[in-house]
$ cat structure_2.cif   # mmCIF, C-alpha atoms
data_protein
#
loop_
_atom_site.label_atom_id
_atom_site.label_comp_id
_atom_site.auth_asym_id
_atom_site.auth_seq_id
_atom_site.Cartn_x
_atom_site.Cartn_y
_atom_site.Cartn_z
CA MET A 48 20.30 50.71 13.11
CA LYS A 49 23.85 51.87 12.71
CA SER A 50 23.68 52.47 8.99
CA PHE A 51 21.21 53.40 6.28
CA VAL A 52 23.05 51.11 3.87
CA MET A 53 22.55 47.36 3.78
CA LYS A 54 23.77 44.44 1.72
CA ALA A 55 21.43 42.88 -0.83
CA ILE A 56 21.56 40.42 -3.71
CA VAL A 57 20.81 42.56 -6.76
CA ILE A 58 19.77 41.54 -10.26
CA THR A 59 22.29 43.66 -12.16
CA GLN A 60 20.63 42.91 -15.51
CA PRO A 61 18.30 40.22 -16.88
CA GLY A 62 20.17 36.98 -17.42
CA GLY A 63 21.62 33.85 -15.88
CA PRO A 64 22.58 33.23 -12.25
CA GLU A 65 25.80 35.20 -12.67
CA VAL A 66 23.85 38.49 -12.83
CA LEU A 67 23.08 38.15 -9.11
CA GLN A 68 25.58 40.32 -7.24
CA LEU A 69 26.00 41.23 -3.57
CA GLN A 70 25.84 45.03 -3.45
CA GLU A 71 25.12 47.91 -1.11
CA TYR A 72 21.52 49.07 -1.14
CA ALA A 73 19.47 51.63 0.74
CA THR A 74 17.82 50.16 3.83
CA PRO A 75 14.01 50.46 3.55
CA ALA A 76 11.96 52.26 6.20
CA PRO A 77 8.69 50.75 7.43
CA GLY A 78 5.44 52.44 6.46
CA GLN A 79 2.40 52.99 8.67
CA GLU A 80 1.33 49.32 8.81
CA GLU A 81 4.71 47.78 8.10
CA VAL A 82 7.46 46.11 10.08
CA LEU A 83 11.16 46.19 9.29
CA ILE A 84 12.65 42.70 9.49
CA GLU A 85 16.32 41.89 9.92
CA VAL A 86 16.50 38.97 7.50
CA ARG A 87 18.17 35.82 8.76
CA ALA A 88 17.05 33.52 5.94
CA ALA A 89 15.21 33.73 2.62
CA GLY A 90 13.52 30.91 0.72
CA LEU A 91 14.02 30.38 -3.01
CA ASN A 92 11.14 30.01 -5.46
CA ARG A 93 10.81 29.47 -9.20
CA ALA A 94 9.45 33.00 -9.46
CA ASP A 95 12.87 34.28 -8.36
CA LEU A 96 14.47 32.64 -11.38
CA SER A 97 11.84 34.11 -13.70
CA GLN A 98 12.37 37.57 -12.21
CA ARG A 99 16.13 37.25 -12.65
CA GLU A 100 15.58 36.36 -16.31
CA GLY A 101 13.39 39.43 -16.82
CA LYS A 102 10.21 37.39 -17.27
CA TYR A 103 8.41 38.17 -14.00
CA PRO A 104 8.76 41.82 -12.96
CA ALA A 105 8.06 42.89 -9.40
CA PRO A 106 4.76 44.68 -8.77
CA PRO A 107 4.71 48.45 -8.11
CA GLY A 108 6.17 49.53 -4.79
CA VAL A 109 8.52 46.53 -4.55
CA PRO A 110 12.28 46.70 -5.25
CA PRO A 111 12.49 45.73 -8.94
CA ASP A 112 16.01 44.32 -8.68
CA ILE A 113 15.96 42.32 -5.41
CA PRO A 114 14.22 38.93 -5.63
CA GLY A 115 12.85 36.99 -2.68
CA LEU A 116 9.23 36.17 -1.79
CA GLU A 117 9.67 34.77 1.73
CA VAL A 118 11.95 35.45 4.69
CA ALA A 119 12.40 34.77 8.37
CA GLY A 120 14.09 37.04 10.85
CA THR A 121 13.62 39.48 13.70
CA VAL A 122 11.42 42.55 13.78
CA VAL A 123 13.67 45.56 14.44
CA SER A 124 11.20 48.43 14.06
CA CYS A 125 7.50 49.02 13.44
CA GLY A 126 5.39 51.63 11.69
CA ALA A 127 3.17 53.82 13.82
CA GLY A 128 0.05 51.81 12.97
CA VAL A 129 1.44 48.36 13.75
CA THR A 130 -0.39 46.48 16.51
CA MET A 131 0.45 42.82 15.85
CA TRP A 132 4.23 42.84 16.40
CA SER A 133 6.96 44.44 18.49
CA PRO A 134 10.73 44.81 18.04
CA GLY A 135 12.43 41.54 18.93
CA ASP A 136 9.64 39.29 17.66
CA LYS A 137 10.79 36.40 15.48
CA VAL A 138 8.66 36.18 12.36
CA CYS A 139 8.46 34.68 8.92
CA ALA A 140 6.77 36.64 6.17
CA LEU A 141 5.27 36.44 2.71
CA LEU A 142 6.65 39.16 0.44
CA ALA A 143 6.02 40.52 -3.03
CA GLY A 144 9.80 40.81 -3.43
CA GLY A 145 12.97 42.16 -1.84
CA GLY A 146 13.76 39.19 0.39
CA TYR A 147 17.37 38.63 -0.68
CA ALA A 148 18.56 41.44 1.57
CA ALA A 149 19.75 42.21 5.07
CA TYR A 150 16.49 44.05 5.81
CA VAL A 151 13.03 44.08 4.28
CA THR A 152 9.73 45.82 5.03
CA VAL A 153 6.37 44.09 4.84
CA LYS A 154 2.80 44.68 5.97
CA GLU A 155 2.25 43.34 9.47
CA GLY A 156 -0.59 41.04 8.41
CA GLN A 157 1.68 39.08 6.08
CA CYS A 158 3.87 37.93 8.98
CA LEU A 159 3.51 34.83 11.11
CA PRO A 160 5.44 33.84 14.23
CA VAL A 161 8.40 31.53 13.74
CA PRO A 162 7.02 28.19 14.98
CA GLU A 163 8.51 26.92 18.22
CA GLY A 164 11.57 24.77 17.63
CA LEU A 165 12.18 25.79 14.01
CA SER A 166 15.33 27.50 12.77
CA PHE A 167 15.17 30.71 10.76
CA ALA A 168 16.05 28.69 7.64
CA GLU A 169 13.18 26.29 8.26
CA ALA A 170 10.76 29.13 8.96
CA ALA A 171 11.83 30.97 5.80
CA SER A 172 10.91 27.91 3.73
CA LEU A 173 7.26 28.07 4.80
CA PRO A 174 5.39 31.23 3.70
CA GLU A 175 5.29 30.97 -0.09
CA THR A 176 4.45 27.26 -0.23
CA VAL A 177 2.04 27.23 2.70
CA PHE A 178 0.15 30.34 1.54
CA THR A 179 -0.04 28.91 -2.00
CA VAL A 180 -1.16 25.42 -1.01
CA TRP A 181 -3.63 26.53 1.63
CA SER A 182 -5.27 29.12 -0.61
CA ASN A 183 -5.49 26.87 -3.68
CA VAL A 184 -5.97 23.33 -2.40
CA PHE A 185 -7.99 23.95 0.75
CA GLN A 186 -9.75 27.28 0.20
CA ARG A 187 -10.22 27.39 -3.58
CA ALA A 188 -10.52 23.67 -4.39
CA LYS A 189 -12.00 22.80 -0.98
CA LEU A 190 -10.20 19.47 -0.58
CA MET A 191 -12.08 17.49 2.07
CA PRO A 192 -11.04 14.61 4.35
CA GLY A 193 -11.36 11.31 2.49
CA GLU A 194 -10.93 12.90 -0.95
CA THR A 195 -8.02 12.25 -3.30
CA LEU A 196 -5.44 14.83 -4.40
CA LEU A 197 -3.00 14.65 -7.32
CA VAL A 198 0.01 16.97 -7.19
CA HIS A 199 2.09 17.49 -10.30
CA GLY A 200 5.66 18.17 -9.20
CA GLY A 201 5.42 16.30 -5.92
CA SER A 202 9.04 16.85 -4.89
CA SER A 203 8.95 20.63 -5.27
CA GLY A 204 8.53 22.97 -2.33
CA ILE A 205 4.85 23.28 -3.22
CA GLY A 206 4.58 19.52 -3.62
CA ILE A 207 6.07 18.53 -0.27
CA THR A 208 3.80 21.05 1.45
CA ALA A 209 0.69 19.81 -0.33
CA ILE A 210 1.52 16.18 0.45
CA GLN A 211 2.03 16.78 4.15
CA LEU A 212 -0.97 19.04 4.67
CA ALA A 213 -3.37 16.82 2.73
CA HIS A 214 -2.08 13.71 4.51
CA ALA A 215 -2.35 15.40 7.91
CA LEU A 216 -5.94 16.37 7.13
CA ASN A 217 -6.89 12.82 6.07
CA SER A 218 -6.81 12.97 2.29
CA LYS A 219 -4.95 10.54 0.02
CA VAL A 220 -2.26 12.02 -2.21
CA TRP A 221 -0.84 10.91 -5.55
CA VAL A 222 2.12 12.73 -7.11
CA THR A 223 4.03 12.91 -10.37
CA VAL A 224 7.83 13.05 -10.13
CA GLY A 225 10.85 12.73 -12.41
CA THR A 226 12.87 10.08 -10.54
CA GLU A 227 12.30 7.04 -8.36
CA GLU A 228 14.28 8.70 -5.56
CA LYS A 229 11.96 11.70 -5.56
CA GLY A 230 8.98 9.40 -5.58
CA GLN A 231 10.21 7.50 -2.55
CA ALA A 232 10.83 10.80 -0.75
CA CYS A 233 7.19 11.75 -1.42
CA ILE A 234 6.01 8.40 -0.06
CA ARG A 235 7.95 9.03 3.15
CA LEU A 236 6.19 12.39 3.49
CA GLY A 237 2.76 10.81 3.24
CA ALA A 238 1.98 10.27 -0.45
CA THR A 239 0.05 7.11 -1.27
CA GLN A 240 1.63 6.53 -4.69
CA TYR A 241 3.91 8.25 -7.18
CA ILE A 242 4.01 8.19 -10.96
CA ASN A 243 7.38 8.70 -12.68
CA TYR A 244 6.34 10.86 -15.61
CA LYS A 245 9.53 9.96 -17.50
CA LYS A 246 8.52 6.28 -17.55
CA GLN A 247 4.76 6.26 -16.98
CA ASP A 248 1.67 8.04 -18.27
CA PHE A 249 -0.22 9.41 -15.27
CA GLU A 250 -3.48 9.32 -17.24
CA GLU A 251 -3.12 5.57 -17.71
CA GLU A 252 -1.85 4.91 -14.18
CA LEU A 253 -4.73 6.78 -12.56
CA ALA A 254 -7.48 5.81 -15.00
CA THR A 255 -9.43 3.89 -12.36
CA THR A 256 -8.28 5.72 -9.22
CA GLY A 257 -10.62 8.66 -9.27
CA ILE A 258 -9.06 12.00 -8.36
CA ASP A 259 -11.07 14.77 -6.71
CA VAL A 260 -8.56 17.65 -6.81
CA ILE A 261 -5.51 18.26 -9.00
CA LEU A 262 -2.86 20.86 -8.22
CA ASP A 263 -1.07 21.58 -11.50
CA MET A 264 1.99 23.75 -12.09
CA VAL A 265 2.72 22.23 -15.54
CA GLY A 266 -0.22 23.23 -17.73
CA GLY A 267 0.02 22.62 -21.46
CA LYS A 268 -0.75 19.07 -22.62
CA TYR A 269 -1.56 17.97 -19.06
CA LEU A 270 -4.98 19.62 -19.28
CA GLY A 271 -6.74 16.91 -21.25
CA LYS A 272 -5.24 14.13 -19.14
CA ASN A 273 -6.27 15.92 -15.97
CA LEU A 274 -9.87 16.16 -17.11
CA THR A 275 -9.96 12.48 -17.98
CA ILE A 276 -8.92 11.25 -14.53
CA LEU A 277 -10.95 13.71 -12.46
CA ASN A 278 -14.04 12.44 -10.66
CA PRO A 279 -17.41 14.09 -11.22
CA GLU A 280 -17.41 17.43 -9.36
CA GLY A 281 -13.60 17.38 -9.61
CA ARG A 282 -11.54 20.54 -9.23
CA LEU A 283 -8.46 21.40 -11.30
CA VAL A 284 -6.31 24.22 -9.91
CA TYR A 285 -3.47 25.90 -11.80
CA ILE A 286 -0.66 27.74 -10.04
CA ASN A 287 1.85 27.79 -12.92
CA SER A 288 2.15 26.75 -16.56
CA MET A 289 5.74 25.60 -16.99
CA GLY A 290 4.64 23.31 -19.83
CA GLY A 291 2.81 26.02 -21.74
CA ASN A 292 -0.12 28.41 -21.40
CA LEU A 293 -2.22 27.10 -24.29
CA ALA A 294 -4.15 23.83 -24.48
CA GLU A 295 -7.39 22.49 -25.94
CA VAL A 296 -10.18 21.71 -23.52
CA ASN A 297 -12.91 19.12 -24.09
CA ILE A 298 -15.91 21.15 -23.03
CA SER A 299 -18.14 18.09 -23.12
CA THR A 300 -16.00 16.39 -20.45
CA VAL A 301 -16.16 19.51 -18.28
CA MET A 302 -19.95 19.61 -18.56
CA GLN A 303 -20.58 15.90 -18.09
CA LYS A 304 -18.37 15.69 -15.00
CA ARG A 305 -19.26 19.18 -13.75
CA ILE A 306 -15.55 19.95 -13.39
CA THR A 307 -14.29 23.25 -12.03
CA ILE A 308 -11.15 24.62 -13.67
CA THR A 309 -9.58 27.47 -11.73
CA GLY A 310 -6.24 28.93 -10.71
CA SER A 311 -4.58 31.86 -9.04
CA THR A 312 -1.43 33.86 -8.49
CA LEU A 313 -0.46 35.17 -5.08
CA ARG A 314 2.20 37.82 -5.55
CA SER A 315 -0.08 40.59 -6.82
CA ARG A 316 -3.08 39.87 -4.59
CA GLU A 317 -4.35 42.68 -2.37
CA TYR A 318 -3.12 43.07 1.18
CA ASN A 319 -6.46 42.35 2.87
CA TYR A 320 -6.58 38.96 1.14
CA LYS A 321 -3.06 38.05 2.24
CA LYS A 322 -3.77 39.21 5.79
CA ALA A 323 -6.91 37.07 6.03
CA LEU A 324 -5.06 34.12 4.50
CA ALA A 325 -2.25 34.46 7.04
CA ALA A 326 -4.77 34.43 9.87
CA ASP A 327 -6.41 31.30 8.49
CA ILE A 328 -3.03 29.59 8.17
CA ARG A 329 -2.10 30.51 11.72
CA GLN A 330 -5.34 28.93 12.93
CA HIS A 331 -5.24 25.74 10.85
CA VAL A 332 -1.65 25.03 9.76
CA TRP A 333 0.56 26.28 12.60
CA PRO A 334 -1.00 23.74 15.04
CA LEU A 335 -0.04 20.97 12.60
CA ILE A 336 3.58 22.14 12.81
CA ALA A 337 3.39 22.16 16.61
CA ALA A 338 2.04 18.59 16.48
CA GLU A 339 4.83 17.61 14.03
CA LYS A 340 2.27 16.53 11.44
CA PHE A 341 3.77 19.00 8.97
CA LEU A 342 7.43 20.00 8.97
CA PRO A 343 9.72 21.94 6.63
CA VAL A 344 11.93 19.92 4.28
CA ILE A 345 15.21 21.71 3.52
CA TYR A 346 17.29 20.29 0.68
CA ALA A 347 20.16 22.77 0.91
CA THR A 348 21.18 26.12 2.38
CA PHE A 349 23.57 28.66 0.87
CA PRO A 350 25.09 31.87 2.22
CA PHE A 351 23.51 34.95 0.64
CA LYS A 352 26.71 35.65 -1.28
CA GLU A 353 26.27 32.28 -3.06
CA ALA A 354 22.80 33.10 -4.37
CA ALA A 355 23.92 32.35 -7.92
CA GLU A 356 24.83 28.78 -6.95
CA ALA A 357 21.49 28.39 -5.20
CA HIS A 358 19.72 29.49 -8.40
CA ARG A 359 21.72 26.99 -10.44
CA LEU A 360 20.65 24.20 -8.14
CA MET A 361 17.00 25.20 -8.36
CA ALA A 362 17.19 25.37 -12.15
CA SER A 363 18.62 21.84 -12.24
CA SER A 364 15.49 20.44 -10.52
CA GLU A 365 17.71 17.94 -8.70
CA HIS A 366 16.36 18.93 -5.30
CA THR A 367 13.54 17.56 -3.19
CA GLY A 368 12.21 20.24 -0.87
CA LYS A 369 13.30 23.81 -0.34
CA ILE A 370 16.50 25.72 -1.04
CA VAL A 371 17.21 28.54 1.42
CA LEU A 372 19.66 31.43 1.61
CA VAL A 373 21.03 32.17 5.09
CA ASN A 374 22.50 35.42 6.34
CA GLU A 375 25.70 34.40 8.10
#

$ encode --input "structure_2.cif" --output "structure tokens"
Amino acid sequence: MKSFVMKAIVITQPGGPEVLQLQEYATPAPGQEEVLIEVRAAGLNRADLSQREGKYPAPPGVPPDIPGLEVAGTVVSCGAGVTMWSPGDKVCALLAGGGYAAYVTVKEGQCLPVPEGLSFAEAASLPETVFTVWSNVFQRAKLMPGETLLVHGGSSGIGITAIQLAHALNSKVWVTVGTEEKGQACIRLGATQYINYKKQDFEEELATTGIDVILDMVGGKYLGKNLTILNPEGRLVYINSMGGNLAEVNISTVMQKRITITGSTLRSREYNYKKALAADIRQHVWPLIAAEKFLPVIYATFPFKEAAEAHRLMASSEHTGKIVLVNE
């Protein structure tokens, strides 16, 4: 590289979108098992907004003031112990942070090849949602062909990924959404039915459907309703709690139906887990992309310098699909 200084979107202080500023920052150097990626695009996630607000600090060893959990770009250099990649390879990667920058380092096992035919922006929209959905819906909850899945927040990046993957693997999918337009978009992606939570009660609508797995990012008062509509041996998986962390649970319902309540976070998981997860995704999900049974859905792209506007859009929840920053 010509310079040891790069451009990055920096959280100058906890606050609103306006605290995101394009600044000069020291270019990271790859460690023993790391690659240095020239970032061409970075996907946005709700966690980025929480980090900007000071509510979700980066784990140790990660830039505390540069958000970004997923990128796509080109490998420009490799640590001495790297065996999976070479300079010039096009990759997308799951990060613990630091993605809103011209360059980022990441362990080699957290990278995947950019699928044939996809742009960098499309590839950057994949890692966080695919890793999250595959690990929670298919590994943790063990959704099987023929079973039914309910996704709360069907039009989110997580939602559109869960819909497509479950549909491609022969499961039926129900979703909750906030508008009819978002519901129709989910139907086009493979959902069987949508429930507009602003007009309908999903507990009533699904009372006789029988749901095997629920992917919930709302939490709070949804817990009791989720338990009511789950089939015996049902699995309830939490990946966020935007509606609150505390809720009462009817233990009798859990016992009678033999329900499993679980959940996970991905950002702080150990490297060996993420490496194994990436390998599993490459084996099972990447072929679905090649077969066009699962494709990225990009709602909007913004230049890196307009990261604040991208955050405002995400906070509005007006989008269906992913919002991506592109390095022009």

$ resolve_selection --input "structure_2.cif" --expression "the PyMOL selection byres ((chain A and resi 187) around 10)" --output "PyMOL selection string"
chain A and resi 180-186+188-190+282-284+309-311

$ resolve_selection --input "structure_2.cif" --expression "the PyMOL selection byres ((chain A and resi 169) around 9)" --output "MDAnalysis selection string"
chainID A and resid 88 90 119 161 165:168 170:173 342:345 369 371

$ write_last_selection --input "structure_2.cif" --atoms "C-alpha atoms" --output "PDB file, keeping the file's coordinate frame"
ATOM      1  CA  ALA A  88      17.050  33.520   5.940  1.00  0.00           C
ATOM      2  CA  GLY A  90      13.520  30.910   0.720  1.00  0.00           C
ATOM      3  CA  ALA A 119      12.400  34.770   8.370  1.00  0.00           C
ATOM      4  CA  VAL A 161       8.400  31.530  13.740  1.00  0.00           C
ATOM      5  CA  LEU A 165      12.180  25.790  14.010  1.00  0.00           C
ATOM      6  CA  SER A 166      15.330  27.500  12.770  1.00  0.00           C
ATOM      7  CA  PHE A 167      15.170  30.710  10.760  1.00  0.00           C
ATOM      8  CA  ALA A 168      16.050  28.690   7.640  1.00  0.00           C
ATOM      9  CA  ALA A 170      10.760  29.130   8.960  1.00  0.00           C
ATOM     10  CA  ALA A 171      11.830  30.970   5.800  1.00  0.00           C
ATOM     11  CA  SER A 172      10.910  27.910   3.730  1.00  0.00           C
ATOM     12  CA  LEU A 173       7.260  28.070   4.800  1.00  0.00           C
ATOM     13  CA  LEU A 342       7.430  20.000   8.970  1.00  0.00           C
ATOM     14  CA  PRO A 343       9.720  21.940   6.630  1.00  0.00           C
ATOM     15  CA  VAL A 344      11.930  19.920   4.280  1.00  0.00           C
ATOM     16  CA  ILE A 345      15.210  21.710   3.520  1.00  0.00           C
ATOM     17  CA  LYS A 369      13.300  23.810  -0.340  1.00  0.00           C
ATOM     18  CA  VAL A 371      17.210  28.540   1.420  1.00  0.00           C
TER      19      VAL A 371
END

$ closest_residue --input "structure_2.cif" --among "A:Val66, A:Leu277, A:Cys158, A:Ile298" --to "Met131 of chain A" --atoms "all atoms listed in the file"
A:Cys158

$ atom_distance --input "structure_2.cif" --atom1 "atom CA of Pro75 of chain A" --atom2 "atom CA of Ala89 of chain A"
16.8 Å

$ resolve_selection --input "structure_2.cif" --expression "the PyMOL selection byres ((chain A and resi 375) around 12)" --output "ChimeraX atom specification"
/A:86-89,148-149,167-168,348-353,372-374

$ closest_residue --input "structure_2.cif" --among "A:Thr239, A:Thr223, A:Thr275, A:Gln157" --to "Asp263 of chain A" --atoms "only C-alpha atoms"
A:Thr223

$ closest_residue --input "structure_2.cif" --among "A:Ala105, A:Leu116, A:Leu360, A:Ile308" --to "Leu270 of chain A" --atoms "all atoms listed in the file"
A:Ile308

$ axis_aligned_box --input "structure_2.cif" --around "segment 172-182 of chain A" --padding-each-side "4 Å" --output "AutoDock Vina command-line options"
--center_x 2.8 --center_y 28.3 --center_z 1.4 --size_x 24.2 --size_y 13.8 --size_z 14.8
